[in-house]
file model36.cif (mmCIF, C-alpha atoms and all ligand atoms)
data_work
#
loop_
_atom_site.group_PDB
_atom_site.id
_atom_site.type_symbol
_atom_site.label_atom_id
_atom_site.label_comp_id
_atom_site.auth_asym_id
_atom_site.auth_seq_id
_atom_site.Cartn_x
_atom_site.Cartn_y
_atom_site.Cartn_z
ATOM 1 C CA MET K 1 -73.702 1.715 85.430
ATOM 2 C CA THR K 2 -72.918 -1.482 87.255
ATOM 3 C CA THR K 3 -73.446 -2.491 90.864
ATOM 4 C CA ARG K 4 -70.537 -4.211 92.583
ATOM 5 C CA THR K 5 -71.084 -6.573 95.496
ATOM 6 C CA GLU K 6 -68.552 -7.358 98.181
ATOM 7 C CA GLU K 7 -68.745 -8.870 101.671
ATOM 8 C CA ILE K 8 -67.445 -6.219 104.084
ATOM 9 C CA ALA K 9 -68.120 -8.111 107.336
ATOM 10 C CA ASP K 10 -69.269 -11.668 108.047
ATOM 11 C CA GLY K 11 -72.647 -11.974 106.281
ATOM 12 C CA ILE K 12 -72.883 -8.267 105.382
ATOM 13 C CA PHE K 13 -72.662 -7.441 101.683
ATOM 14 C CA ARG K 14 -72.065 -3.969 100.253
ATOM 15 C CA LEU K 15 -73.830 -3.277 96.944
ATOM 16 C CA SER K 16 -72.178 -0.251 95.361
ATOM 17 C CA THR K 17 -73.081 1.793 92.291
ATOM 18 C CA TYR K 18 -70.736 4.505 91.072
ATOM 19 C CA VAL K 19 -72.273 7.517 89.336
ATOM 20 C CA PRO K 20 -69.496 9.500 87.598
ATOM 21 C CA GLU K 21 -71.863 12.324 86.594
ATOM 22 C CA ILE K 22 -72.296 13.524 90.196
ATOM 23 C CA GLU K 23 -69.551 15.992 91.193
ATOM 24 C CA PRO K 24 -67.137 15.062 88.385
ATOM 25 C CA PRO K 25 -64.344 14.217 88.104
ATOM 26 C CA ALA K 26 -64.549 12.423 91.478
ATOM 27 C CA GLY K 27 -68.091 11.033 91.078
ATOM 28 C CA PHE K 28 -70.238 9.620 93.886
ATOM 29 C CA VAL K 29 -71.313 6.167 95.064
ATOM 30 C CA PHE K 30 -74.641 4.883 96.346
ATOM 31 C CA ASN K 31 -74.381 1.845 98.609
ATOM 32 C CA GLN K 32 -76.923 -0.584 99.972
ATOM 33 C CA PHE K 33 -76.147 -3.272 102.538
ATOM 34 C CA LEU K 34 -77.615 -6.765 102.590
ATOM 35 C CA ILE K 35 -77.396 -8.531 105.947
ATOM 36 C CA LEU K 36 -77.838 -12.294 105.708
ATOM 37 C CA GLY K 37 -79.824 -14.465 108.110
ATOM 38 C CA GLU K 38 -83.035 -16.445 108.200
ATOM 39 C CA GLU K 39 -84.684 -13.018 107.909
ATOM 40 C CA PRO K 40 -82.421 -11.081 105.515
ATOM 41 C CA LEU K 41 -82.410 -7.293 105.845
ATOM 42 C CA LEU K 42 -81.660 -4.684 103.178
ATOM 43 C CA PHE K 43 -80.427 -1.341 104.527
ATOM 44 C CA HIS K 44 -81.188 1.373 101.939
ATOM 45 C CA THR K 45 -83.199 0.408 98.876
ATOM 46 C CA GLY K 46 -81.439 2.663 96.375
ATOM 47 C CA PRO K 47 -83.338 5.233 94.300
ATOM 48 C CA ARG K 48 -86.351 4.002 92.354
ATOM 49 C CA ARG K 49 -84.576 4.342 89.010
ATOM 50 C CA MET K 50 -81.675 2.234 90.274
ATOM 51 C CA PHE K 51 -83.968 -0.614 91.329
ATOM 52 C CA PRO K 52 -83.166 -3.011 88.416
ATOM 53 C CA LEU K 53 -79.432 -2.701 89.142
ATOM 54 C CA VAL K 54 -79.792 -3.249 92.886
ATOM 55 C CA ARG K 55 -82.311 -6.078 92.455
ATOM 56 C CA ASP K 56 -79.904 -7.880 90.107
ATOM 57 C CA ALA K 57 -77.069 -7.357 92.594
ATOM 58 C CA VAL K 58 -79.163 -8.822 95.432
ATOM 59 C CA SER K 59 -80.087 -11.747 93.121
ATOM 60 C CA ARG K 60 -76.438 -12.702 92.906
ATOM 61 C CA ILE K 61 -76.426 -13.231 96.697
ATOM 62 C CA LEU K 62 -79.930 -14.529 97.478
ATOM 63 C CA PRO K 63 -83.370 -14.747 95.820
ATOM 64 C CA PRO K 64 -84.839 -11.222 96.264
ATOM 65 C CA GLU K 65 -88.213 -12.652 97.268
ATOM 66 C CA ARG K 66 -86.530 -13.992 100.455
ATOM 67 C CA LEU K 67 -86.009 -10.482 101.773
ATOM 68 C CA ARG K 68 -87.751 -10.045 105.144
ATOM 69 C CA TRP K 69 -86.777 -6.542 106.291
ATOM 70 C CA ILE K 70 -86.243 -3.245 104.506
ATOM 71 C CA SER K 71 -84.706 -0.451 106.545
ATOM 72 C CA PHE K 72 -82.896 2.810 105.838
ATOM 73 C CA GLY K 73 -81.619 5.982 107.450
ATOM 74 C CA HIS K 74 -84.379 8.436 106.595
ATOM 75 C CA PHE K 75 -87.049 9.201 104.036
ATOM 76 C CA GLU K 76 -85.188 10.303 100.887
ATOM 77 C CA ALA K 77 -84.929 8.917 97.346
ATOM 78 C CA ASP K 78 -81.519 7.285 97.676
ATOM 79 C CA GLU K 79 -82.412 5.783 101.053
ATOM 80 C CA CYS K 80 -85.850 4.418 100.222
ATOM 81 C CA GLY K 81 -86.973 5.440 96.713
ATOM 82 C CA ALA K 82 -87.363 1.804 95.635
ATOM 83 C CA MET K 83 -89.132 0.714 98.862
ATOM 84 C CA ASN K 84 -92.388 -0.211 97.150
ATOM 85 C CA GLU K 85 -90.642 -2.021 94.285
ATOM 86 C CA TRP K 86 -88.973 -4.210 96.942
ATOM 87 C CA LEU K 87 -92.268 -4.760 98.768
ATOM 88 C CA ALA K 88 -93.799 -5.855 95.449
ATOM 89 C CA ILE K 89 -91.194 -8.532 94.663
ATOM 90 C CA ALA K 90 -90.651 -9.737 98.261
ATOM 91 C CA PRO K 91 -94.066 -10.800 99.601
ATOM 92 C CA HIS K 92 -92.872 -11.284 103.208
ATOM 93 C CA ALA K 93 -90.834 -8.093 103.374
ATOM 94 C CA GLN K 94 -91.740 -5.292 105.742
ATOM 95 C CA VAL K 95 -90.319 -1.814 106.145
ATOM 96 C CA ALA K 96 -88.820 -1.293 109.621
ATOM 97 C CA HIS K 97 -88.086 2.194 110.885
ATOM 98 C CA GLY K 98 -88.332 4.449 113.913
ATOM 99 C CA GLN K 99 -91.490 5.965 115.323
ATOM 100 C CA THR K 100 -90.972 9.343 113.654
ATOM 101 C CA GLY K 101 -90.280 7.888 110.213
ATOM 102 C CA CYS K 102 -93.270 5.564 110.421
ATOM 103 C CA SER K 103 -95.767 8.134 111.649
ATOM 104 C CA VAL K 104 -94.553 11.064 109.503
ATOM 105 C CA SER K 105 -94.000 9.268 106.172
ATOM 106 C CA LEU K 106 -94.089 5.493 106.032
ATOM 107 C CA VAL K 107 -97.644 4.722 107.174
ATOM 108 C CA ASP K 108 -98.700 6.604 104.070
ATOM 109 C CA MET K 109 -95.845 6.082 101.597
ATOM 110 C CA ALA K 110 -95.148 2.355 102.095
ATOM 111 C CA ASP K 111 -97.503 0.005 100.247
ATOM 112 C CA ARG K 112 -97.726 -2.266 103.333
ATOM 113 C CA PRO K 113 -97.812 -1.137 106.975
ATOM 114 C CA PRO K 114 -94.311 -0.614 108.409
ATOM 115 C CA ARG K 115 -92.963 -2.080 111.646
ATOM 116 C CA GLU K 116 -92.360 0.728 114.093
ATOM 117 C CA LEU K 117 -89.129 0.332 116.069
ATOM 118 C CA GLU K 118 -88.354 1.962 119.387
ATOM 119 C CA ASP K 119 -84.968 3.536 119.934
ATOM 120 C CA GLY K 120 -82.654 0.647 120.875
ATOM 121 C CA GLU K 121 -85.028 -2.097 119.731
ATOM 122 C CA VAL K 122 -83.352 -5.211 118.282
ATOM 123 C CA ILE K 123 -84.465 -7.441 115.415
ATOM 124 C CA ALA K 124 -82.896 -10.918 115.491
ATOM 125 C CA LEU K 125 -82.294 -11.899 111.868
ATOM 126 C CA GLY K 126 -81.241 -15.479 112.678
ATOM 127 C CA GLY K 127 -77.796 -16.964 112.170
ATOM 128 C CA GLY K 128 -76.636 -14.963 115.200
ATOM 129 C CA ARG K 129 -77.108 -11.599 113.514
ATOM 130 C CA ARG K 130 -78.948 -8.915 115.451
ATOM 131 C CA VAL K 131 -79.643 -5.394 114.279
ATOM 132 C CA ARG K 132 -80.266 -2.626 116.792
ATOM 133 C CA TYR K 133 -82.182 0.445 115.638
ATOM 134 C CA ILE K 134 -80.843 3.774 116.949
ATOM 135 C CA ASP K 135 -82.685 7.094 116.648
ATOM 136 C CA THR K 136 -80.436 9.948 115.483
ATOM 137 C CA PRO K 137 -82.915 12.795 114.873
ATOM 138 C CA HIS K 138 -81.612 15.468 112.455
ATOM 139 C CA THR K 139 -78.267 13.650 112.304
ATOM 140 C CA PRO K 140 -76.885 14.073 109.771
ATOM 141 C CA HIS K 141 -80.269 15.213 108.414
ATOM 142 C CA GLY K 142 -83.951 14.356 108.622
ATOM 143 C CA TRP K 143 -86.242 14.502 111.653
ATOM 144 C CA ASP K 144 -86.805 10.787 111.127
ATOM 145 C CA ALA K 145 -83.075 9.923 110.919
ATOM 146 C CA GLY K 146 -81.890 6.654 112.430
ATOM 147 C CA LEU K 147 -79.174 4.037 111.965
ATOM 148 C CA ILE K 148 -78.728 0.355 112.599
ATOM 149 C CA TYR K 149 -75.938 -1.496 114.371
ATOM 150 C CA GLU K 150 -75.281 -5.169 113.688
ATOM 151 C CA GLU K 151 -74.141 -6.501 117.024
ATOM 152 C CA SER K 152 -72.427 -9.783 116.101
ATOM 153 C CA THR K 153 -69.959 -8.152 113.697
ATOM 154 C CA GLY K 154 -69.774 -4.748 115.398
ATOM 155 C CA THR K 155 -70.866 -3.028 112.185
ATOM 156 C CA LEU K 156 -72.496 0.390 112.313
ATOM 157 C CA LEU K 157 -74.474 1.042 109.138
ATOM 158 C CA CYS K 158 -74.032 4.745 109.346
ATOM 159 C CA GLY K 159 -76.057 6.032 106.410
ATOM 160 C CA ASP K 160 -75.064 9.512 105.256
ATOM 161 C CA LEU K 161 -72.582 10.026 108.107
ATOM 162 C CA PHE K 162 -69.011 10.274 106.714
ATOM 163 C CA THR K 163 -70.306 10.946 103.176
ATOM 164 C CA GLN K 164 -67.396 11.384 100.775
ATOM 165 C CA LEU K 165 -66.849 11.800 97.050
ATOM 166 C CA GLY K 166 -65.237 9.283 94.720
ATOM 167 C CA ASP K 167 -65.204 5.556 94.137
ATOM 168 C CA GLY K 168 -62.835 3.978 96.630
ATOM 169 C CA PRO K 169 -62.321 0.351 97.606
ATOM 170 C CA ALA K 170 -65.153 -1.589 99.249
ATOM 171 C CA LEU K 171 -63.219 -1.706 102.520
ATOM 172 C CA THR K 172 -60.491 0.646 103.696
ATOM 173 C CA GLU K 173 -58.347 1.213 106.770
ATOM 174 C CA SER K 174 -57.455 4.735 105.588
ATOM 175 C CA ASP K 175 -58.743 7.967 107.106
ATOM 176 C CA ILE K 176 -62.447 8.595 106.458
ATOM 177 C CA VAL K 177 -62.773 11.734 108.577
ATOM 178 C CA GLY K 178 -60.822 14.128 106.326
ATOM 179 C CA PRO K 179 -62.814 13.179 103.196
ATOM 180 C CA ALA K 180 -66.065 13.523 105.194
ATOM 181 C CA ILE K 181 -65.117 17.039 106.335
ATOM 182 C CA ALA K 182 -64.330 17.958 102.717
ATOM 183 C CA ALA K 183 -67.709 16.638 101.514
ATOM 184 C CA GLU K 184 -69.549 18.542 104.263
ATOM 185 C CA ASP K 185 -67.748 21.719 103.199
ATOM 186 C CA LEU K 186 -68.893 21.057 99.618
ATOM 187 C CA PHE K 187 -72.493 19.882 100.102
ATOM 188 C CA ASN K 188 -73.565 21.374 103.480
ATOM 189 C CA TYR K 189 -75.748 18.280 103.769
ATOM 190 C CA SER K 190 -76.012 18.050 107.552
ATOM 191 C CA SER K 191 -78.669 19.707 109.709
ATOM 192 C CA LEU K 192 -76.321 21.564 112.030
ATOM 193 C CA ASN K 193 -77.985 21.667 115.429
ATOM 194 C CA PRO K 194 -76.739 21.893 119.020
ATOM 195 C CA ASN K 195 -77.031 18.128 119.540
ATOM 196 C CA ILE K 196 -75.364 16.770 116.394
ATOM 197 C CA GLY K 197 -71.930 16.345 117.997
ATOM 198 C CA ASN K 198 -73.457 14.660 121.060
ATOM 199 C CA ILE K 199 -75.453 12.193 118.959
ATOM 200 C CA ILE K 200 -72.405 11.189 116.906
ATOM 201 C CA ARG K 201 -70.345 10.910 120.101
ATOM 202 C CA SER K 202 -72.986 8.608 121.608
ATOM 203 C CA LEU K 203 -72.528 6.299 118.593
ATOM 204 C CA ALA K 204 -68.797 6.196 119.394
ATOM 205 C CA ALA K 205 -69.712 4.407 122.632
ATOM 206 C CA LEU K 206 -70.635 1.358 120.519
ATOM 207 C CA ALA K 207 -66.939 1.106 119.527
ATOM 208 C CA PRO K 208 -67.838 -0.313 116.108
ATOM 209 C CA ARG K 209 -65.213 -2.382 114.301
ATOM 210 C CA THR K 210 -66.662 -1.559 110.887
ATOM 211 C CA LEU K 211 -68.384 1.604 109.680
ATOM 212 C CA ALA K 212 -70.532 0.941 106.598
ATOM 213 C CA LEU K 213 -70.860 4.246 104.728
ATOM 214 C CA MET K 214 -73.701 4.855 102.309
ATOM 215 C CA HIS K 215 -71.571 7.189 100.198
ATOM 216 C CA GLY K 216 -67.997 5.981 100.506
ATOM 217 C CA PRO K 217 -65.985 2.884 101.364
ATOM 218 C CA SER K 218 -66.608 0.798 104.440
ATOM 219 C CA PHE K 219 -64.053 1.446 107.144
ATOM 220 C CA ALA K 220 -62.361 -1.305 109.147
ATOM 221 C CA GLY K 221 -60.596 -0.023 112.239
ATOM 222 C CA ASP K 222 -61.173 2.175 115.256
ATOM 223 C CA GLY K 223 -64.760 3.279 114.664
ATOM 224 C CA ARG K 224 -64.901 4.954 118.058
ATOM 225 C CA ALA K 225 -62.024 7.306 117.213
ATOM 226 C CA ALA K 226 -63.450 8.119 113.774
ATOM 227 C CA LEU K 227 -66.875 8.962 115.228
ATOM 228 C CA LYS K 228 -65.345 11.123 117.971
ATOM 229 C CA ALA K 229 -63.285 13.018 115.392
ATOM 230 C CA LEU K 230 -66.378 13.584 113.250
ATOM 231 C CA ALA K 231 -68.332 14.764 116.324
ATOM 232 C CA ASP K 232 -65.520 17.192 117.162
ATOM 233 C CA ASP K 233 -65.701 18.631 113.651
ATOM 234 C CA TYR K 234 -69.445 19.262 113.968
ATOM 235 C CA ASP K 235 -68.845 20.933 117.339
ATOM 236 C CA ARG K 236 -66.233 23.120 115.610
ATOM 237 C CA ARG K 237 -68.789 24.106 112.963
ATOM 238 C CA GLY K 238 -71.379 24.853 115.664
ATOM 239 C CA ALA K 239 -68.899 27.047 117.572
ATOM 240 C CA ILE K 240 -68.227 29.079 114.416
ATOM 241 C CA TRP K 241 -71.961 29.665 113.986
ATOM 242 C CA GLN K 242 -72.331 30.709 117.620
ATOM 243 C CA ARG K 243 -69.465 33.195 117.329
ATOM 244 C CA GLN K 244 -70.984 34.606 114.141
ATOM 245 C CA ALA K 245 -74.399 34.922 115.818
ATOM 246 C CA ALA K 246 -72.870 36.703 118.821
ATOM 247 C CA ALA K 247 -70.812 39.127 116.716
HETATM 248 FE FE FE J 1 -79.780 11.599 103.102
HETATM 249 FE FE FE J 2 -77.779 9.066 101.253
#
call {"tool": "encode", "arguments": {"input": "model36.cif", "output": "structure tokens"}}
result
Amino acid sequence: MTTRTEEIADGIFRLSTYVPEIEPPAGFVFNQFLILGEEPLLFHTGPRRMFPLVRDAVSRILPPERLRWISFGHFEADECGAMNEWLAIAPHAQVAHGQTGCSVSLVDMADRPPRELEDGEVIALGGGRRVRYIDTPHTPHGWDAGLIYEESTGTLLCGDLFTQLGDGPALTESDIVGPAIAAEDLFNYSSLNPNIGNIIRSLAALAPRTLALMHGPSFAGDGRAALKALADDYDRRGAIWQRQAAA
């Protein structure tokens, strides 16, 4: 396995590892995002067993010990399995996550105390880059789920939202909604709940210019329209469940 690095927005690097053994023949990618600044932030750590690959990929961009912030969507192996390996090699790094994630998992699981972020709280990374933390409980899954939005580039780091199979380009302008619907049909990975469409629709209000997918390419284009279309699909799924429950 190799980890490719590519800049997908000004100062935001996508680190991407393709694993052909997952759902062959398409395979599956795991992406982390490194946001540069005086206080660099890594969004997703990668699984623990992928740590040497991701560390070497970060090393090609900056010295890993310079890392200041470690954040991720929710507490799962691919999102944060290597969290403590990163804390060990980056002495000034701190995990930053929402109140639920910190109190339910991270105060115990992280080797140093995490920074607890309120919904909407901003961390200024320096160099003009600012990341806003947004609570998205149970969306697409995990009570502790949250995302970050980098304001200067209009990049929504959208975690497992829009998950798709395959190893595409680092950046695409092609449709990402159809492949996401297909992957949801295959994996059933989202916690369908009455609010999931509303939460995704509220992200559309950010009108992001880039959507940085954890499992798929990054998307450059009308992020608002893509998020609304994804929200509509979850509403469609919810309506089917309601009809089945009422039958
Ligand atoms: Fe996940
Ligand atoms: Fe994931």
call {"tool": "axis_aligned_box", "arguments": {"input": "model36.cif", "around": "stretch 84-89 of chain K", "padding_each_side": "8 Å", "output": "lines of an AutoDock Vina configuration file"}}
result
center_x = -91.4
center_y = -4.4
center_z = 96.5
size_x = 20.8
size_y = 24.3
size_z = 20.5
call {"tool": "atom_distance", "arguments": {"input": "model36.cif", "atom1": "atom CA of K:Asp108", "atom2": "atom CA of K:Val54"}}
result
24.1 Å
call {"tool": "residues_around", "arguments": {"input": "model36.cif", "residues": "K:Ile196", "least_positions_apart": "2", "cutoff": "10 Å", "atoms": "all atoms listed in the file", "output": "ChimeraX atom specification"}}
result
/K:136-141,190-194,198-202,231-232,234-235,238
call {"tool": "resolve_selection", "arguments": {"input": "model36.cif", "expression": "the PyMOL selection byres (((chain K and resi 71) around 7) and not hetatm)", "output": "VMD selection string"}}
result
chain K and resid 42 to 44 69 to 70 72 95 to 97
call {"tool": "write_last_selection", "arguments": {"input": "model36.cif", "atoms": "C-alpha atoms", "output": "short mmCIF file (atom, residue, chain, number, x, y, z; two decimals), in the coordinates of the input"}}
result
data_model
loop_
_atom_site.label_atom_id
_atom_site.label_comp_id
_atom_site.auth_asym_id
_atom_site.auth_seq_id
_atom_site.Cartn_x
_atom_site.Cartn_y
_atom_site.Cartn_z
CA LEU K 42 -81.66 -4.68 103.18
CA PHE K 43 -80.43 -1.34 104.53
CA HIS K 44 -81.19 1.37 101.94
CA TRP K 69 -86.78 -6.54 106.29
CA ILE K 70 -86.24 -3.24 104.51
CA PHE K 72 -82.90 2.81 105.84
CA VAL K 95 -90.32 -1.81 106.14
CA ALA K 96 -88.82 -1.29 109.62
CA HIS K 97 -88.09 2.19 110.88
#
call {"tool": "residues_around", "arguments": {"input": "model36.cif", "residues": "K:Ser59", "least_positions_apart": "5", "cutoff": "12 Å", "atoms": "all atoms listed in the file", "output": "ChimeraX atom specification"}}
result
/K:3,5,15,34,51-54,64-67,89-90
call {"tool": "residues_near_ligand", "arguments": {"input": "model36.cif", "ligand": "ligand FE 2 (chain J)", "cutoff": "7 Å", "atoms": "all atoms listed in the file", "output": "number ranges by chain"}}
result
K: 78-79, 159-160, 214-215
call {"tool": "resolve_selection", "arguments": {"input": "model36.cif", "expression": "the PyMOL selection byres (((chain K and resi 115) around 9) and not hetatm)", "output": "ChimeraX atom specification"}}
result
/K:94-99,102,113-114,116-117
call {"tool": "resolve_selection", "arguments": {"input": "model36.cif", "expression": "the PyMOL selection byres (((chain K and resi 173) around 6) and not hetatm)", "output": "mmCIF file with C-alpha atoms, in the frame of the given file"}}
result
data_model
loop_
_atom_site.group_PDB
_atom_site.id
_atom_site.type_symbol
_atom_site.label_atom_id
_atom_site.label_comp_id
_atom_site.auth_asym_id
_atom_site.auth_seq_id
_atom_site.Cartn_x
_atom_site.Cartn_y
_atom_site.Cartn_z
ATOM 1 C CA THR K 172 -60.491 0.646 103.696
ATOM 2 C CA SER K 174 -57.455 4.735 105.588
ATOM 3 C CA PHE K 219 -64.053 1.446 107.144
ATOM 4 C CA ALA K 220 -62.361 -1.305 109.147
#
call {"tool": "closest_residue", "arguments": {"input": "model36.cif", "among": "K:Arg60, K:Arg49, K:Arg4, K:His74", "to": "ligand FE 1 (chain J)", "atoms": "all atoms listed in the file"}}
result
K:His74
call {"tool": "atom_distance", "arguments": {"input": "model36.cif", "atom1": "atom CA of K:Gln32", "atom2": "atom CA of K:Gly46"}}
result
6.6 Å
call {"tool": "closest_residue", "arguments": {"input": "model36.cif", "among": "K:Glu23, K:Asp185, K:Glu7, K:Glu85", "to": "K:Arg48", "atoms": "all atoms listed in the file"}}
result
K:Glu85
call {"tool": "closest_residue", "arguments": {"input": "model36.cif", "among": "K:Gly73, K:Gly216, K:Gly197, K:Pro25", "to": "ligand FE 1 (chain J)", "atoms": "only C-alpha atoms and all ligand atoms"}}
result
K:Gly73
call {"tool": "closest_residue", "arguments": {"input": "model36.cif", "among": "K:Leu161, K:Ala239, K:Ala182, K:Ile12", "to": "ligand FE 1 (chain J)", "atoms": "only C-alpha atoms and all ligand atoms"}}
result
K:Leu161
call {"tool": "atom_distance", "arguments": {"input": "model36.cif", "atom1": "atom CA of K:Tyr189", "atom2": "atom CA of K:Gly142"}}
result
10.3 Å
call {"tool": "residues_near_point", "arguments": {"input": "model36.cif", "point": "(-92.3, -10.2, 107.8)", "cutoff": "6 Å", "atoms": "all atoms listed in the file", "output": "list in words"}}
result
Arg68, His92, Ala93 and Gln94 of chain K
call {"tool": "closest_residue", "arguments": {"input": "model36.cif", "among": "K:Ala110, K:Ala180, K:Ile61, K:Leu206", "to": "K:Thr155", "atoms": "all atoms listed in the file"}}
result
K:Leu206
call {"tool": "closest_residue", "arguments": {"input": "model36.cif", "among": "K:Ser103, K:Ser152, K:Thr2, K:Asn188", "to": "ligand FE 1 (chain J)", "atoms": "only C-alpha atoms and all ligand atoms"}}
result
K:Asn188
call {"tool": "residues_around", "arguments": {"input": "model36.cif", "residues": "K:Val29", "least_positions_apart": "4", "cutoff": "7 Å", "atoms": "all atoms listed in the file", "output": "list in words"}}
result
Ser16, Thr17, Tyr18, Val19, Gly166, Asp167, His215 and Gly216 of chain K
call {"tool": "decode", "arguments": {"input": "model36.cif", "residues": "stretch 135-153 of chain K", "atoms": "N, CA and C atoms", "output": "PDB file, in the first residue's frame"}}
result
ATOM      1  N   ASP K 135     -21.297  20.188  15.161  1.00  0.00           N
ATOM      2  CA  ASP K 135     -21.904  18.946  15.667  1.00  0.00           C
ATOM      3  C   ASP K 135     -22.889  18.385  14.644  1.00  0.00           C
ATOM      4  N   THR K 136     -22.783  17.096  14.365  1.00  0.00           N
ATOM      5  CA  THR K 136     -23.761  16.434  13.477  1.00  0.00           C
ATOM      6  C   THR K 136     -24.164  15.094  14.107  1.00  0.00           C
ATOM      7  N   PRO K 137     -24.792  15.113  15.286  1.00  0.00           N
ATOM      8  CA  PRO K 137     -25.023  13.860  16.009  1.00  0.00           C
ATOM      9  C   PRO K 137     -25.742  12.807  15.170  1.00  0.00           C
ATOM     10  N   HIS K 138     -25.203  11.593  15.180  1.00  0.00           N
ATOM     11  CA  HIS K 138     -25.767  10.432  14.467  1.00  0.00           C
ATOM     12  C   HIS K 138     -25.762  10.607  12.948  1.00  0.00           C
ATOM     13  N   THR K 139     -24.983  11.573  12.458  1.00  0.00           N
ATOM     14  CA  THR K 139     -24.972  11.849  11.021  1.00  0.00           C
ATOM     15  C   THR K 139     -23.548  11.863  10.501  1.00  0.00           C
ATOM     16  N   PRO K 140     -23.134  10.922   9.627  1.00  0.00           N
ATOM     17  CA  PRO K 140     -23.971   9.816   9.186  1.00  0.00           C
ATOM     18  C   PRO K 140     -24.094   8.715  10.242  1.00  0.00           C
ATOM     19  N   HIS K 141     -23.124   8.645  11.188  1.00  0.00           N
ATOM     20  CA  HIS K 141     -23.300   7.709  12.300  1.00  0.00           C
ATOM     21  C   HIS K 141     -22.424   8.154  13.464  1.00  0.00           C
ATOM     22  N   GLY K 142     -22.810   7.690  14.652  1.00  0.00           N
ATOM     23  CA  GLY K 142     -22.054   8.051  15.859  1.00  0.00           C
ATOM     24  C   GLY K 142     -22.721   9.202  16.599  1.00  0.00           C
ATOM     25  N   TRP K 143     -23.053   8.958  17.856  1.00  0.00           N
ATOM     26  CA  TRP K 143     -23.615   9.992  18.732  1.00  0.00           C
ATOM     27  C   TRP K 143     -22.698  11.207  18.775  1.00  0.00           C
ATOM     28  N   ASP K 144     -21.389  10.926  18.723  1.00  0.00           N
ATOM     29  CA  ASP K 144     -20.382  11.974  18.856  1.00  0.00           C
ATOM     30  C   ASP K 144     -20.041  12.633  17.526  1.00  0.00           C
ATOM     31  N   ALA K 145     -20.765  12.329  16.440  1.00  0.00           N
ATOM     32  CA  ALA K 145     -20.344  12.763  15.104  1.00  0.00           C
ATOM     33  C   ALA K 145     -20.277  14.285  14.980  1.00  0.00           C
ATOM     34  N   GLY K 146     -19.247  14.739  14.278  1.00  0.00           N
ATOM     35  CA  GLY K 146     -19.076  16.155  13.983  1.00  0.00           C
ATOM     36  C   GLY K 146     -18.180  16.311  12.775  1.00  0.00           C
ATOM     37  N   LEU K 147     -18.156  17.508  12.212  1.00  0.00           N
ATOM     38  CA  LEU K 147     -17.359  17.797  11.018  1.00  0.00           C
ATOM     39  C   LEU K 147     -16.625  19.107  11.239  1.00  0.00           C
ATOM     40  N   ILE K 148     -15.687  19.397  10.351  1.00  0.00           N
ATOM     41  CA  ILE K 148     -15.081  20.728  10.400  1.00  0.00           C
ATOM     42  C   ILE K 148     -15.183  21.394   9.034  1.00  0.00           C
ATOM     43  N   TYR K 149     -15.243  22.720   9.093  1.00  0.00           N
ATOM     44  CA  TYR K 149     -15.362  23.551   7.890  1.00  0.00           C
ATOM     45  C   TYR K 149     -14.231  24.561   7.912  1.00  0.00           C
ATOM     46  N   GLU K 150     -13.405  24.542   6.873  1.00  0.00           N
ATOM     47  CA  GLU K 150     -12.303  25.511   6.796  1.00  0.00           C
ATOM     48  C   GLU K 150     -12.834  26.742   6.046  1.00  0.00           C
ATOM     49  N   GLU K 151     -12.893  27.848   6.776  1.00  0.00           N
ATOM     50  CA  GLU K 151     -13.630  28.998   6.262  1.00  0.00           C
ATOM     51  C   GLU K 151     -12.927  29.708   5.110  1.00  0.00           C
ATOM     52  N   SER K 152     -11.591  29.804   5.134  1.00  0.00           N
ATOM     53  CA  SER K 152     -10.925  30.629   4.121  1.00  0.00           C
ATOM     54  C   SER K 152     -10.997  30.010   2.734  1.00  0.00           C
ATOM     55  N   THR K 153     -11.043  28.685   2.660  1.00  0.00           N
ATOM     56  CA  THR K 153     -11.128  28.012   1.357  1.00  0.00           C
ATOM     57  C   THR K 153     -12.540  27.510   1.057  1.00  0.00           C
TER      58      THR K 153
END
